[in-house]
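*Asks:* Handing over upload-v3.cif, mmCIF, C-alpha atoms.
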```
data_run
loop_
_atom_site.label_atom_id
_atom_site.label_comp_id
_atom_site.auth_asym_id
_atom_site.auth_seq_id
_atom_site.Cartn_x
_atom_site.Cartn_y
_atom_site.Cartn_z
CA MET M 1 38.42 -159.88 105.92
CA ASN M 2 36.91 -156.57 106.96
CA ASN M 3 39.68 -154.19 108.03
CA ASN M 4 37.19 -151.55 109.16
CA PHE M 5 39.06 -148.81 107.35
CA VAL M 6 37.89 -145.32 108.31
CA PHE M 7 39.09 -142.09 106.68
CA GLU M 8 37.14 -139.19 108.06
CA PRO M 9 38.10 -135.60 107.25
CA ASN M 10 36.55 -132.90 109.42
CA LEU M 11 37.18 -129.49 107.92
CA ASP M 12 35.72 -127.62 110.90
CA ALA M 13 38.07 -129.32 113.31
CA LYS M 14 40.88 -129.43 110.68
CA THR M 15 41.40 -133.08 111.41
CA ILE M 16 41.52 -136.35 109.55
CA HIS M 17 40.70 -139.43 111.55
CA ILE M 18 42.05 -142.69 110.14
CA VAL M 19 41.32 -146.12 111.61
CA ARG M 20 42.43 -149.52 110.38
CA GLU M 21 42.57 -153.05 111.78
CA PHE M 22 45.47 -155.40 111.11
CA ASN M 23 45.62 -159.15 111.30
CA ALA M 24 48.68 -159.26 113.56
CA PRO M 25 49.41 -158.94 117.28
CA ILE M 26 49.95 -155.48 118.74
CA GLU M 27 53.70 -155.98 119.38
CA LYS M 28 54.28 -156.67 115.70
CA VAL M 29 52.16 -153.76 114.50
CA TRP M 30 53.93 -151.42 116.93
CA ARG M 31 57.31 -152.50 115.54
CA ALA M 32 56.12 -151.94 111.96
CA TRP M 33 55.22 -148.30 112.85
CA THR M 34 58.28 -147.47 114.93
CA GLU M 35 61.32 -149.31 113.51
CA PRO M 36 62.72 -147.44 110.50
CA GLY M 37 63.70 -150.60 108.60
CA LEU M 38 60.09 -151.75 108.83
CA ILE M 39 58.30 -148.40 108.31
CA GLU M 40 60.29 -147.94 105.09
CA LYS M 41 58.77 -151.14 103.74
CA TRP M 42 55.18 -149.86 103.73
CA ILE M 43 55.02 -146.06 104.05
CA ALA M 44 55.95 -145.25 100.44
CA PRO M 45 53.47 -146.18 97.72
CA LYS M 46 55.37 -148.19 95.08
CA PRO M 47 57.39 -147.38 93.02
CA TRP M 48 58.38 -144.65 95.47
CA ILE M 49 60.69 -145.79 98.25
CA ALA M 50 61.26 -144.40 101.72
CA GLN M 51 64.80 -143.77 103.01
CA THR M 52 65.59 -142.94 106.61
CA LYS M 53 68.44 -140.59 107.42
CA ILE M 54 67.84 -140.20 111.15
CA MET M 55 65.55 -142.13 113.46
CA ASN M 56 65.65 -141.33 117.14
CA PHE M 57 62.46 -142.75 118.59
CA THR M 58 62.44 -140.87 121.88
CA VAL M 59 60.46 -137.86 123.08
CA GLY M 60 62.15 -134.84 121.43
CA GLY M 61 63.86 -137.13 118.90
CA ILE M 62 63.20 -137.01 115.16
CA TRP M 63 62.59 -139.25 112.19
CA LEU M 64 64.11 -137.62 109.10
CA TYR M 65 63.28 -139.49 105.95
CA ALA M 66 62.87 -139.03 102.22
CA MET M 67 60.28 -140.29 99.81
CA VAL M 68 62.35 -141.11 96.74
CA SER M 69 60.77 -141.13 93.29
CA PRO M 70 61.81 -143.67 90.61
CA GLU M 71 63.84 -140.83 89.04
CA GLY M 72 65.70 -140.35 92.32
CA GLN M 73 63.94 -137.13 93.30
CA LYS M 74 63.78 -136.84 97.10
CA HIS M 75 61.02 -135.28 99.18
CA TRP M 76 62.17 -134.89 102.77
CA SER M 77 59.96 -134.93 105.84
CA ARG M 78 60.74 -134.51 109.48
CA PHE M 79 58.72 -136.00 112.33
CA GLU M 80 59.45 -134.84 115.83
CA PHE M 81 58.18 -137.14 118.57
CA THR M 82 56.31 -135.26 121.27
CA ALA M 83 54.97 -138.17 123.35
CA ILE M 84 55.56 -141.92 123.50
CA GLU M 85 53.68 -144.53 125.54
CA ASN M 86 55.74 -147.57 124.75
CA GLY M 87 53.70 -150.22 122.93
CA SER M 88 50.46 -148.24 122.88
CA SER M 89 50.71 -144.71 121.45
CA PHE M 90 52.97 -141.99 120.11
CA SER M 91 52.52 -138.42 118.92
CA SER M 92 54.53 -136.38 116.48
CA THR M 93 54.73 -133.00 114.76
CA ASN M 94 55.21 -133.45 111.03
CA MET M 95 56.77 -130.99 108.59
CA PHE M 96 58.37 -131.02 105.17
CA SER M 97 62.05 -130.25 105.41
CA ASP M 98 65.34 -130.28 103.55
CA GLU M 99 67.81 -133.16 103.76
CA ASP M 100 69.32 -131.74 106.94
CA GLY M 101 65.94 -131.60 108.62
CA ASN M 102 65.69 -127.80 108.35
CA THR M 103 62.16 -126.53 108.00
CA ALA M 104 61.09 -123.20 106.53
CA ALA M 105 59.55 -120.64 108.91
CA GLY M 106 55.78 -120.84 108.65
CA ALA M 107 55.97 -124.13 106.72
CA PRO M 108 52.82 -126.28 106.90
CA LYS M 109 52.62 -128.46 109.95
CA SER M 110 50.50 -131.36 111.04
CA TYR M 111 50.23 -133.14 114.35
CA THR M 112 49.68 -136.87 114.47
CA GLU M 113 48.55 -139.01 117.36
CA THR M 114 48.73 -142.75 116.72
CA LYS M 115 47.14 -145.25 119.11
CA PHE M 116 47.38 -149.04 119.10
CA THR M 117 44.77 -151.33 120.66
CA ALA M 118 44.81 -155.12 120.86
CA ILE M 119 41.48 -156.52 119.65
CA GLU M 120 39.85 -159.95 119.51
CA GLY M 121 41.54 -162.68 117.51
CA ASN M 122 45.09 -161.48 118.19
CA ARG M 123 44.46 -158.51 115.91
CA THR M 124 45.30 -154.83 116.32
CA LYS M 125 43.39 -151.62 115.75
CA VAL M 126 45.38 -148.52 114.85
CA ASP M 127 43.78 -145.14 115.34
CA VAL M 128 45.45 -142.11 113.72
CA LEU M 129 44.30 -138.56 114.37
CA LYS M 130 45.94 -135.92 112.19
CA THR M 131 45.40 -132.27 113.05
CA PHE M 132 46.39 -129.55 110.60
CA THR M 133 47.18 -125.92 111.33
CA ASP M 134 44.75 -124.78 108.63
CA ALA M 135 42.68 -126.11 105.77
CA ALA M 136 45.34 -125.17 103.21
CA THR M 137 47.79 -127.40 105.05
CA ILE M 138 45.57 -130.40 104.42
CA LYS M 139 45.95 -129.58 100.73
CA MET M 140 49.75 -129.55 100.99
CA PHE M 141 49.78 -132.99 102.53
CA ALA M 142 47.11 -134.34 100.20
CA GLU M 143 49.00 -132.95 97.21
CA ARG M 144 52.02 -134.96 98.19
CA GLY M 145 49.84 -138.06 98.32
CA PHE M 146 48.32 -137.16 94.99
CA LYS M 147 51.69 -136.95 93.25
CA GLU M 148 52.79 -140.26 94.63
CA GLY M 149 49.43 -141.86 93.93
CA THR M 150 49.47 -140.66 90.34
CA ILE M 151 52.88 -142.11 89.67
CA MET M 152 51.72 -145.39 91.15
CA GLY M 153 48.74 -145.30 88.79
CA TYR M 154 51.03 -144.88 85.79
CA ASN M 155 53.15 -147.74 86.98
CA GLN M 156 50.15 -150.03 87.18
CA LEU M 157 49.18 -148.93 83.68
CA ASP M 158 52.68 -149.84 82.44
CA GLU M 159 52.31 -153.28 83.97
CA LEU M 160 48.94 -153.73 82.37
CA LEU M 161 50.27 -152.67 78.97
CA ALA M 162 53.25 -154.99 79.33
CA SER M 163 51.00 -157.95 80.09
CA GLU M 164 48.70 -157.05 77.18
CA SER M 165 51.58 -157.20 74.71
CA ASN M 166 52.73 -160.64 75.87
CA MET Y 1 49.05 -107.43 94.99
CA ASP Y 2 48.02 -110.88 93.97
CA ILE Y 3 44.39 -111.36 94.88
CA ARG Y 4 44.10 -114.82 93.37
CA ARG Y 5 42.86 -117.16 96.03
CA ASP Y 6 42.43 -120.87 96.19
CA ILE Y 7 39.51 -122.97 97.29
CA TYR Y 8 41.14 -123.70 100.65
CA GLN Y 9 40.81 -120.07 101.66
CA ALA Y 10 37.11 -120.43 100.96
CA ILE Y 11 36.77 -123.19 103.54
CA ALA Y 12 39.31 -121.81 106.02
CA ASP Y 13 36.70 -119.75 107.86
CA PRO Y 14 33.64 -121.12 109.74
CA THR Y 15 31.30 -118.36 108.48
CA ARG Y 16 32.32 -119.06 104.89
CA ARG Y 17 31.75 -122.77 105.39
CA ALA Y 18 28.31 -121.98 106.78
CA ILE Y 19 27.55 -119.79 103.73
CA LEU Y 20 28.63 -122.60 101.41
CA THR Y 21 26.38 -125.01 103.30
CA LEU Y 22 23.44 -122.60 102.91
CA LEU Y 23 24.09 -122.34 99.18
CA THR Y 24 23.99 -126.11 98.74
CA ILE Y 25 20.23 -125.79 99.25
CA SER Y 26 19.59 -122.90 96.86
CA ALA Y 27 21.08 -119.78 95.30
CA LEU Y 28 20.54 -116.75 97.54
CA THR Y 29 20.83 -112.96 97.46
CA PRO Y 30 23.42 -111.32 99.75
CA ASN Y 31 20.54 -110.05 101.94
CA ALA Y 32 19.08 -113.52 102.31
CA ILE Y 33 22.52 -114.88 103.21
CA ALA Y 34 23.14 -112.10 105.75
CA ALA Y 35 19.76 -112.80 107.37
CA HIS Y 36 21.10 -116.20 108.48
CA PHE Y 37 23.99 -114.72 110.42
CA GLY Y 38 24.32 -112.56 113.48
CA SER Y 39 27.15 -110.61 111.85
CA SER Y 40 26.71 -107.37 109.95
CA ARG Y 41 25.73 -107.16 106.30
CA GLN Y 42 29.24 -105.74 105.57
CA ALA Y 43 30.98 -108.67 107.26
CA VAL Y 44 28.88 -111.15 105.30
CA SER Y 45 29.55 -109.21 102.06
CA LYS Y 46 33.27 -109.51 102.68
CA HIS Y 47 32.95 -113.28 103.08
CA ILE Y 48 30.89 -113.52 99.89
CA GLN Y 49 33.54 -111.49 98.07
CA ILE Y 50 36.28 -113.88 99.23
CA LEU Y 51 34.17 -116.87 98.20
CA ALA Y 52 33.74 -115.30 94.75
CA GLU Y 53 37.49 -114.65 94.48
CA CYS Y 54 38.16 -118.27 95.38
CA GLY Y 55 35.81 -119.36 92.64
CA ALA Y 56 33.64 -121.14 95.21
CA VAL Y 57 30.54 -119.16 94.24
CA ASP Y 58 29.27 -117.58 91.03
CA GLN Y 59 26.96 -114.61 90.53
CA ASP Y 60 23.63 -115.03 88.85
CA GLN Y 61 21.82 -111.84 87.82
CA ARG Y 62 18.05 -112.28 88.04
CA GLY Y 63 16.23 -109.05 87.23
CA ARG Y 64 17.50 -106.48 89.70
CA GLU Y 65 18.78 -109.03 92.17
CA ILE Y 66 22.13 -110.74 92.28
CA TYR Y 67 21.99 -114.33 93.48
CA TYR Y 68 25.01 -116.31 94.59
CA LYS Y 69 25.22 -119.98 93.75
CA LEU Y 70 27.76 -122.70 94.50
CA ASN Y 71 30.38 -123.50 91.91
CA ILE Y 72 30.10 -127.26 92.21
CA ASP Y 73 33.14 -128.03 90.03
CA LYS Y 74 35.37 -125.84 92.16
CA MET Y 75 34.10 -127.45 95.35
CA LYS Y 76 34.88 -130.86 93.90
CA GLU Y 77 38.57 -129.93 93.98
CA ILE Y 78 38.49 -130.51 97.72
CA ASP Y 79 36.98 -133.96 97.32
CA HIS Y 80 39.57 -134.68 94.68
CA TRP Y 81 42.52 -133.97 96.98
CA MET Y 82 40.91 -135.71 99.88
CA GLU Y 83 40.24 -138.79 97.77
CA ALA Y 84 43.90 -138.86 96.71
CA PHE Y 85 44.96 -138.68 100.34
CA ARG Y 86 42.56 -141.44 101.30
CA LYS Y 87 43.88 -143.58 98.46
CA LEU Y 88 47.46 -143.06 99.64
CA TRP Y 89 46.56 -144.40 103.08
CA GLU Y 90 44.73 -147.39 101.59
CA ILE Y 91 47.83 -148.26 99.59
CA ARG Y 92 50.08 -147.90 102.62
CA PHE Y 93 47.88 -150.12 104.73
CA ASP Y 94 47.72 -152.82 102.06
CA GLN Y 95 51.52 -152.76 101.96
CA LEU Y 96 51.59 -152.95 105.75
CA ASP Y 97 49.29 -156.02 105.67
CA ASN Y 98 51.85 -157.74 103.45
CA LEU Y 99 54.76 -156.72 105.66
CA LEU Y 100 53.01 -158.01 108.80
CA ASN Y 101 52.72 -161.40 107.12
CA ASP Y 102 56.48 -161.44 106.61
CA ILE Y 103 57.80 -160.34 110.01
#
```
Could I get this structure in the form of structure tokens?

*Replies:*
Amino acid sequence: MNNNFVFEPNLDAKTIHIVREFNAPIEKVWRAWTEPGLIEKWIAPKPWIAQTKIMNFTVGGIWLYAMVSPEGQKHWSRFEFTAIENGSSFSSTNMFSDEDGNTAAGAPKSYTETKFTAIEGNRTKVDVLKTFTDAATIKMFAERGFKEGTIMGYNQLDELLASESN
Amino acid sequence: MDIRRDIYQAIADPTRRAILTLLTISALTPNAIAAHFGSSRQAVSKHIQILAECGAVDQDQRGREIYYKLNIDKMKEIDHWMEAFRKLWEIRFDQLDNLLNDI
């Protein structure tokens, strides 16, 4: 099935626009993006896992969570919710932090606006617009993804090697 | 003072991005680059200097003239990071597809 995945960086606007369709009703997709027990199940690329310390899904509330590497190394992030339209959209300010949610002065920041739309066939379109304070910030966030993605790649290689030796 | 710069400083400024776009077509002298912009020759020189410090452009001496050309490998670094970020989101969404089947 075509999920109509879009990943569109715009360096002039310092934005990344991400769109994806899911084969599930909007209520379910909304829950998967806003309930910590569910977000944790998809946000971390395996074998990394996500662990929530605080989730207060209200305007002004935060989601403090760690991406945990297979070696137990924790990378903390803090999302602060700036707007919530229940069942249809939410916005947040995202920063890297320590385990208590403290952020360094001048630390890279991104703003995320996530919108949910019910589409034909009981499916849902999610539209994510990320805005970065500067181009270097995009690198910081991408770098994090790169690290996690690389480890995932190694893991897949291990699996492949294991199956080859059987 | 540490003057080492990274490629993201090259693209952080709209004039520098415009210079890089110009150079994708051909190598140019500083005068030819400046002719494309309303800003002063000095201002454009400063941008070219930053681009050179970032490794985004290389100098090419041709007779008496210095031409600036794009350093394609350096520019690919940006694509590289962006591709990694894109990949991360693809992986997340595939995992989310599976989760949505289960809840």

*Asks:* Given the file shown, determine the residues that the PyMOL selection byres ((chain Y) within 6 of (chain M)) selects; report them as a ChimeraX atom specification.

*Replies:* /Y:8,12,81,84-85,88,92,95-96

*Asks:* May I ask for the distance between atom CA of Arg64 of chain Y and atom CA of Ser26 of chain Y, given in Å to one decimal place?

*Replies:*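 So the two atoms, atom CA of Arg64 of chain Y and atom CA of Ser26 of chain Y, lie 18.0 Å apart.
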
*Asks:* By how many Å are atom CA of Ala50 of chain M and atom CA of Gln73 of chain M apart?

*Replies:*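 Between these atoms lies a distance of 11.4 Å.
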
*Asks:* What is the atom CA of Arg17 of chain Y-atom CA of Glu65 of chain Y distance in Å, reported with one decimal?

*Replies:*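 Computing it gives 23.1 Å between the two atoms.
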
*Asks:* Determine the residue membership of the PyMOL selection byres ((chain M and resi 94) around 8) for the file above and supply it as number ranges by chain.

*Replies:* M: 77-80, 92-93, 95-96, 109-112

*Asks:* With a distance cut-off of 12 Å and all atoms listed in the file, select the neighbouring residues of segment 33-36 of chain Y, excluding the residue or stretch itself and same-chain residues fewer than 2 positions from it, and output the selection as a ChimeraX atom specification.

*Replies:* /Y:15-16,18-23,25-31,38-48,66-69

*Asks:* Let me see the file: selected residues, C-alpha atoms, as an mmCIF file, in the coordinates of the input.

*Replies:*
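File written: selection-v8.cif
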```cif
data_model
loop_
_atom_site.group_PDB
_atom_site.id
_atom_site.type_symbol
_atom_site.label_atom_id
_atom_site.label_comp_id
_atom_site.auth_asym_id
_atom_site.auth_seq_id
_atom_site.Cartn_x
_atom_site.Cartn_y
_atom_site.Cartn_z
ATOM 1 C CA THR Y 15 31.300 -118.360 108.480
ATOM 2 C CA ARG Y 16 32.320 -119.060 104.890
ATOM 3 C CA ALA Y 18 28.310 -121.980 106.780
ATOM 4 C CA ILE Y 19 27.550 -119.790 103.730
ATOM 5 C CA LEU Y 20 28.630 -122.600 101.410
ATOM 6 C CA THR Y 21 26.380 -125.010 103.300
ATOM 7 C CA LEU Y 22 23.440 -122.600 102.910
ATOM 8 C CA LEU Y 23 24.090 -122.340 99.180
ATOM 9 C CA ILE Y 25 20.230 -125.790 99.250
ATOM 10 C CA SER Y 26 19.590 -122.900 96.860
ATOM 11 C CA ALA Y 27 21.080 -119.780 95.300
ATOM 12 C CA LEU Y 28 20.540 -116.750 97.540
ATOM 13 C CA THR Y 29 20.830 -112.960 97.460
ATOM 14 C CA PRO Y 30 23.420 -111.320 99.750
ATOM 15 C CA ASN Y 31 20.540 -110.050 101.940
ATOM 16 C CA GLY Y 38 24.320 -112.560 113.480
ATOM 17 C CA SER Y 39 27.150 -110.610 111.850
ATOM 18 C CA SER Y 40 26.710 -107.370 109.950
ATOM 19 C CA ARG Y 41 25.730 -107.160 106.300
ATOM 20 C CA GLN Y 42 29.240 -105.740 105.570
ATOM 21 C CA ALA Y 43 30.980 -108.670 107.260
ATOM 22 C CA VAL Y 44 28.880 -111.150 105.300
ATOM 23 C CA SER Y 45 29.550 -109.210 102.060
ATOM 24 C CA LYS Y 46 33.270 -109.510 102.680
ATOM 25 C CA HIS Y 47 32.950 -113.280 103.080
ATOM 26 C CA ILE Y 48 30.890 -113.520 99.890
ATOM 27 C CA ILE Y 66 22.130 -110.740 92.280
ATOM 28 C CA TYR Y 67 21.990 -114.330 93.480
ATOM 29 C CA TYR Y 68 25.010 -116.310 94.590
ATOM 30 C CA LYS Y 69 25.220 -119.980 93.750
#
```

*Asks:* Specify as an NGL selection string each residue included when the PyMOL selection byres ((chain M and resi 70) around 10) is applied to this file.

*Replies:* :M and (46-49 or 67-69 or 71-74 or 151)

*Asks:* Some atoms are missing, so please complete segment 11-42 of chain M with N, CA and C atoms and return it as an mmCIF file, in the frame of the given file.

*Replies:*
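What follows is the written file rebuild-v4.cif:
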```cif
data_model
loop_
_atom_site.group_PDB
_atom_site.id
_atom_site.type_symbol
_atom_site.label_atom_id
_atom_site.label_comp_id
_atom_site.auth_asym_id
_atom_site.auth_seq_id
_atom_site.Cartn_x
_atom_site.Cartn_y
_atom_site.Cartn_z
ATOM 1 N N LEU M 11 36.588 -130.786 108.259
ATOM 2 C CA LEU M 11 37.180 -129.490 107.920
ATOM 3 C C LEU M 11 37.004 -128.454 109.024
ATOM 4 N N ASP M 12 35.920 -128.567 109.791
ATOM 5 C CA ASP M 12 35.720 -127.620 110.900
ATOM 6 C C ASP M 12 36.799 -127.794 111.955
ATOM 7 N N ALA M 13 37.071 -129.051 112.281
ATOM 8 C CA ALA M 13 38.070 -129.320 113.310
ATOM 9 C C ALA M 13 39.480 -129.363 112.732
ATOM 10 N N LYS M 14 39.595 -129.308 111.385
ATOM 11 C CA LYS M 14 40.880 -129.430 110.680
ATOM 12 C C LYS M 14 41.592 -130.724 111.050
ATOM 13 N N THR M 15 40.821 -131.786 111.064
ATOM 14 C CA THR M 15 41.400 -133.080 111.410
ATOM 15 C C THR M 15 41.065 -134.112 110.332
ATOM 16 N N ILE M 16 41.882 -135.147 110.293
ATOM 17 C CA ILE M 16 41.520 -136.350 109.550
ATOM 18 C C ILE M 16 41.705 -137.514 110.520
ATOM 19 N N HIS M 17 40.665 -138.290 110.652
ATOM 20 C CA HIS M 17 40.700 -139.430 111.550
ATOM 21 C C HIS M 17 40.798 -140.693 110.699
ATOM 22 N N ILE M 18 41.829 -141.476 110.937
ATOM 23 C CA ILE M 18 42.050 -142.690 110.140
ATOM 24 C C ILE M 18 42.100 -143.884 111.087
ATOM 25 N N VAL M 19 41.322 -144.911 110.791
ATOM 26 C CA VAL M 19 41.320 -146.120 111.610
ATOM 27 C C VAL M 19 41.507 -147.321 110.697
ATOM 28 N N ARG M 20 42.239 -148.307 111.180
ATOM 29 C CA ARG M 20 42.430 -149.520 110.380
ATOM 30 C C ARG M 20 42.738 -150.669 111.325
ATOM 31 N N GLU M 21 42.246 -151.856 110.995
ATOM 32 C CA GLU M 21 42.570 -153.050 111.780
ATOM 33 C C GLU M 21 43.550 -153.915 111.003
ATOM 34 N N PHE M 22 44.462 -154.547 111.742
ATOM 35 C CA PHE M 22 45.470 -155.400 111.110
ATOM 36 C C PHE M 22 45.432 -156.785 111.726
ATOM 37 N N ASN M 23 45.687 -157.753 110.874
ATOM 38 C CA ASN M 23 45.620 -159.150 111.300
ATOM 39 C C ASN M 23 46.963 -159.599 111.865
ATOM 40 N N ALA M 24 47.401 -158.944 112.925
ATOM 41 C CA ALA M 24 48.680 -159.260 113.560
ATOM 42 C C ALA M 24 48.626 -158.766 115.001
ATOM 43 N N PRO M 25 49.414 -159.386 115.879
ATOM 44 C CA PRO M 25 49.410 -158.940 117.280
ATOM 45 C C PRO M 25 49.995 -157.547 117.443
ATOM 46 N N ILE M 26 49.590 -156.886 118.509
ATOM 47 C CA ILE M 26 49.950 -155.480 118.740
ATOM 48 C C ILE M 26 51.465 -155.238 118.749
ATOM 49 N N GLU M 27 52.239 -156.180 119.299
ATOM 50 C CA GLU M 27 53.700 -155.980 119.380
ATOM 51 C C GLU M 27 54.297 -155.847 117.979
ATOM 52 N N LYS M 28 53.781 -156.678 117.077
ATOM 53 C CA LYS M 28 54.280 -156.670 115.700
ATOM 54 C C LYS M 28 53.890 -155.378 114.982
ATOM 55 N N VAL M 29 52.644 -154.972 115.168
ATOM 56 C CA VAL M 29 52.160 -153.760 114.500
ATOM 57 C C VAL M 29 52.925 -152.542 115.024
ATOM 58 N N TRP M 30 53.154 -152.511 116.321
ATOM 59 C CA TRP M 30 53.930 -151.420 116.930
ATOM 60 C C TRP M 30 55.317 -151.336 116.302
ATOM 61 N N ARG M 31 55.964 -152.481 116.157
ATOM 62 C CA ARG M 31 57.310 -152.500 115.540
ATOM 63 C C ARG M 31 57.260 -151.954 114.119
ATOM 64 N N ALA M 32 56.233 -152.366 113.359
ATOM 65 C CA ALA M 32 56.120 -151.940 111.960
ATOM 66 C C ALA M 32 55.936 -150.420 111.824
ATOM 67 N N TRP M 33 55.433 -149.762 112.890
ATOM 68 C CA TRP M 33 55.220 -148.300 112.850
ATOM 69 C C TRP M 33 56.369 -147.532 113.478
ATOM 70 N N THR M 34 57.266 -148.227 114.172
ATOM 71 C CA THR M 34 58.280 -147.470 114.930
ATOM 72 C C THR M 34 59.723 -147.850 114.603
ATOM 73 N N GLU M 35 59.954 -148.954 113.900
ATOM 74 C CA GLU M 35 61.320 -149.310 113.510
ATOM 75 C C GLU M 35 61.547 -148.877 112.067
ATOM 76 N N PRO M 36 62.544 -148.026 111.837
ATOM 77 C CA PRO M 36 62.720 -147.440 110.500
ATOM 78 C C PRO M 36 62.810 -148.477 109.380
ATOM 79 N N GLY M 37 63.540 -149.570 109.640
ATOM 80 C CA GLY M 37 63.700 -150.600 108.600
ATOM 81 C C GLY M 37 62.361 -151.207 108.200
ATOM 82 N N LEU M 38 61.417 -151.204 109.123
ATOM 83 C CA LEU M 38 60.090 -151.750 108.830
ATOM 84 C C LEU M 38 59.157 -150.685 108.255
ATOM 85 N N ILE M 39 59.183 -149.473 108.827
ATOM 86 C CA ILE M 39 58.300 -148.400 108.310
ATOM 87 C C ILE M 39 58.580 -148.190 106.819
ATOM 88 N N GLU M 40 59.888 -148.192 106.484
ATOM 89 C CA GLU M 40 60.290 -147.940 105.090
ATOM 90 C C GLU M 40 59.659 -148.925 104.117
ATOM 91 N N LYS M 41 59.297 -150.106 104.633
ATOM 92 C CA LYS M 41 58.770 -151.140 103.740
ATOM 93 C C LYS M 41 57.302 -150.933 103.379
ATOM 94 N N TRP M 42 56.599 -150.019 104.092
ATOM 95 C CA TRP M 42 55.180 -149.860 103.730
ATOM 96 C C TRP M 42 54.727 -148.415 103.534
#
```
